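What follows is a short report on a single structure.
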Amino acid sequence: MNSIQYIMVTDWDLHWDKLEQKWRNSTLYTYPLIKDGLETGPWPSEVSTLFIKLTKEKTHEKCWTGKSKNFRVDPNNGKTAIRFEVSDLKEVSCPDEYKNYRNGWHLNKIRINNSQDSIKKFTQTYENLQPEFFKEMESCSWEIFELNCFRLLRLLGIHDIHKFPQADNKGRADGFFKFFTLAAIYDATIDPNYLPAKEQQIENYINQLKKDKIRFLQRYYTIKDAQKQVWIITRGKQVKNLKIEDQIKVKEIPYTKLIEIYLRRLQEDIVMDDFCDLLENII
C-alpha cells in the first residue's frame, strides 16, 4: 500500500466497481467531503488510489486499488465539487488500518508516515553514509540551506546543474538543472509561509520554462520536449502540487524527500530511466 496516495471512501450506490453503469466511470466529491487540503489542487494527472465502499450503516463492505485521474472543478448545481474518473480497479482485502476511514477523499497519511519511519530507521542504521550537512539543514540559515540544497541535488547524480551566485540572486531562482527528460528551475526557502512573497517569482520561473531553450553563461539547454517543473525546496513535511500551467508543474519539495531518494538509491538497484521517472513524479 506504500504506492497509494489517495484514499476515497463512500457509501453511495454503484461505487466503485459499477460506476460505468450510470456515470461512465466518472464521479465527484463536494468540497466538505474533500480532506487534507486536497480541494485546492493542482492534482496529478493520474494517481494510485485505494477505493473503499461502506455499507449504509458505515461499516466496511469492499475495497479496490486502482487509478483516479483527470481531476477538474465541477459546478455541481451550485455545490462546488471536484470530478474525476476511475480506472484499473482490482478488488483487494482492505488492511485493518484503512477500515476506519469515513466518507470522503483523503490523503494517505499512513503511506507518508510509514515512508518517514522507514527512512528514519535506515538513516540510523547507515548514519556513516550520510554527509554531515544533512543534519545541518534542519536549522541552518537560509544561505546555508540554499547551498546545501545544491549539494544535495548534486549528490543525487544531477550533474547538469547551475547555481546562481547568492550575491546577485534577489528575486531569482537559486538554480536550474537538466536531468535526462526533466528540466527544472529550483528555489530553496526556509520560510514556511513563502507563497505570498514568491507568487510573482514563480510566474517568472514558469515563463522561463515556456521557452525552447535556457541559457547559463555560454551554455544552452534545449528544453522544448522536456518535462518542465518548478521546485520550491523547503523544510515542509510533504510534497505539495502547487500549480500547473501549460503542463509546467510547480511543486513544493521537502528537502527530506530528496534525502529519502538519496538513501533509497543506497538500498535499491534503480536503473536510470526509473530514477528519472522517480524525480519527475516525486510524491
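Order determines the names: the first chain of the C-alpha cells is A, the second B, and so forth; residues in each chain are numbered 1 upward, and ligands are numbered 1 upward as they are shown.
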Selection: 9 Å around His15 of chain A, only C-alpha atoms, excl. self and same-chain fewer than 2 positions, as a list of chain:residue names: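 That gives A:Thr10, A:Asp11, A:Trp12, A:Asp13, A:Asp17, A:Lys18, A:Leu19, A:Thr27, A:Phe51, A:Ile52, A:Lys53.
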Among the residues A:Lys237, A:Arg215, A:Lys35, A:Lys251, the one that comes closest to His106 of chain A [using only C-alpha atoms]: A:Lys35
Distance criterion (only C-alpha atoms): nearest to Ser68 of chain A out of A:Tyr6, A:Glu39, A:Val92, A:Lys163: A:Tyr6
Contact residues around Arg265 of chain A with only C-alpha atoms at 12 Å, ignoring same-chain residues under 3 positions, as a PyMOL selection string: chain A and resi 119+122+129+155-157+258-262+268-272+274-275+278
From A:Trp64, A:Tyr98, A:Trp43, A:Thr30, residue lying nearest Ile82 of chain A [only C-alpha atoms]: A:Thr30
Selection near Arg172 of chain A, 9 Å with only C-alpha atoms, sequence-local residues under 4 positions removed, as an NGL selection string: :A and (164 or 168 or 187 or 201 or 204-205)
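The list of residues with at least one atom within 8 Å of Lys249 of chain A, based on only C-alpha atoms and without residues fewer than 6 positions apart in the same chain, reads Lys228, Gln229, Val230, Asn241, Leu242 and Lys243 of chain A.
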Taking N, CA, C and O atoms for each residue, export the selection above as a PDB file, in the first residue's frame.
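Result written to selection_12.pdb:
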ATOM      1  N   LYS A 228       8.863  19.827 -17.783  1.00  0.00           N
ATOM      2  CA  LYS A 228       9.286  21.062 -17.142  1.00  0.00           C
ATOM      3  C   LYS A 228       8.621  21.224 -15.778  1.00  0.00           C
ATOM      4  O   LYS A 228       7.402  21.080 -15.660  1.00  0.00           O
ATOM      5  N   GLN A 229       9.436  21.550 -14.779  1.00  0.00           N
ATOM      6  CA  GLN A 229       8.909  21.700 -13.431  1.00  0.00           C
ATOM      7  C   GLN A 229       9.612  22.849 -12.707  1.00  0.00           C
ATOM      8  O   GLN A 229      10.761  23.181 -13.011  1.00  0.00           O
ATOM      9  N   VAL A 230       8.905  23.413 -11.726  1.00  0.00           N
ATOM     10  CA  VAL A 230       9.480  24.370 -10.779  1.00  0.00           C
ATOM     11  C   VAL A 230       9.453  23.699  -9.416  1.00  0.00           C
ATOM     12  O   VAL A 230       8.400  23.234  -8.974  1.00  0.00           O
ATOM     13  N   ASN A 241       1.571  19.757  -4.682  1.00  0.00           N
ATOM     14  CA  ASN A 241       1.416  20.228  -6.053  1.00  0.00           C
ATOM     15  C   ASN A 241       0.767  21.594  -6.006  1.00  0.00           C
ATOM     16  O   ASN A 241      -0.413  21.728  -5.689  1.00  0.00           O
ATOM     17  N   LEU A 242       1.539  22.631  -6.290  1.00  0.00           N
ATOM     18  CA  LEU A 242       1.076  23.996  -6.098  1.00  0.00           C
ATOM     19  C   LEU A 242       0.306  24.541  -7.294  1.00  0.00           C
ATOM     20  O   LEU A 242      -0.643  25.304  -7.124  1.00  0.00           O
ATOM     21  N   LYS A 243       0.715  24.127  -8.500  1.00  0.00           N
ATOM     22  CA  LYS A 243       0.121  24.734  -9.678  1.00  0.00           C
ATOM     23  C   LYS A 243       0.562  23.977 -10.920  1.00  0.00           C
ATOM     24  O   LYS A 243       1.631  23.362 -10.946  1.00  0.00           O
TER      25      LYS A 243
END
Neighbour list for Leu107 of chain A as a list in words, cut-off 7 Å, only C-alpha atoms, skip fewer than 2 positions in-chain: Gln5, Tyr6, Ile7, Asp36 and Lys109 of chain A
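The coordinates place atom CA of Thr40 of chain A at 27.5 Å from atom CA of Lys22 of chain A.
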All strand (DSSP E) positions in segment 45-164 of chain A, as a ChimeraX atom specification: /A:46-54,60-74,81-91,104-107,161-163
Spatial neighbours of Asn207 of chain A, max dist 10 Å, only C-alpha atoms, sep filter under 3 positions, as a ChimeraX atom specification: /A:201-204,210-211,245-246,248
Mind writing the picked residues with C-alpha atoms as a short mmCIF file (atom, residue, chain, number, x, y, z; two decimals), in the first residue's frame?
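Okay, out-v9.cif is ready:
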data_model
loop_
_atom_site.label_atom_id
_atom_site.label_comp_id
_atom_site.auth_asym_id
_atom_site.auth_seq_id
_atom_site.Cartn_x
_atom_site.Cartn_y
_atom_site.Cartn_z
CA GLN A 201 8.77 34.83 -8.84
CA ILE A 202 7.05 31.52 -9.55
CA GLU A 203 5.30 33.15 -12.53
CA ASN A 204 8.70 34.31 -13.75
CA LYS A 210 7.90 28.14 -21.54
CA LYS A 211 10.82 28.92 -23.86
CA GLU A 245 0.35 25.99 -16.16
CA ASP A 246 0.86 24.88 -19.78
CA ILE A 248 4.60 23.04 -16.28
#
Residue among A:Gly104, A:Gly236, A:Pro44, A:Pro165 lying closest to Lys67 of chain A, counting only C-alpha atoms: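 The shortest atom-to-atom distance to Lys67 of chain A comes from A:Pro44.
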Among the residues A:Leu279, A:Ile185, A:Met8, A:Val86, the one that comes closest to Leu33 of chain A [using only C-alpha atoms]: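 Nearest to Leu33 of chain A: A:Met8.
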Distance in Å - atom CA of Gly175 of chain A versus atom CA of Leu217 of chain A: 12.7 Å
Nearest to Pro42 of chain A by atom-to-atom distance, counting only C-alpha atoms, from A:Asn108, A:Ser141, A:Asn70, A:Thr189: A:Asn70
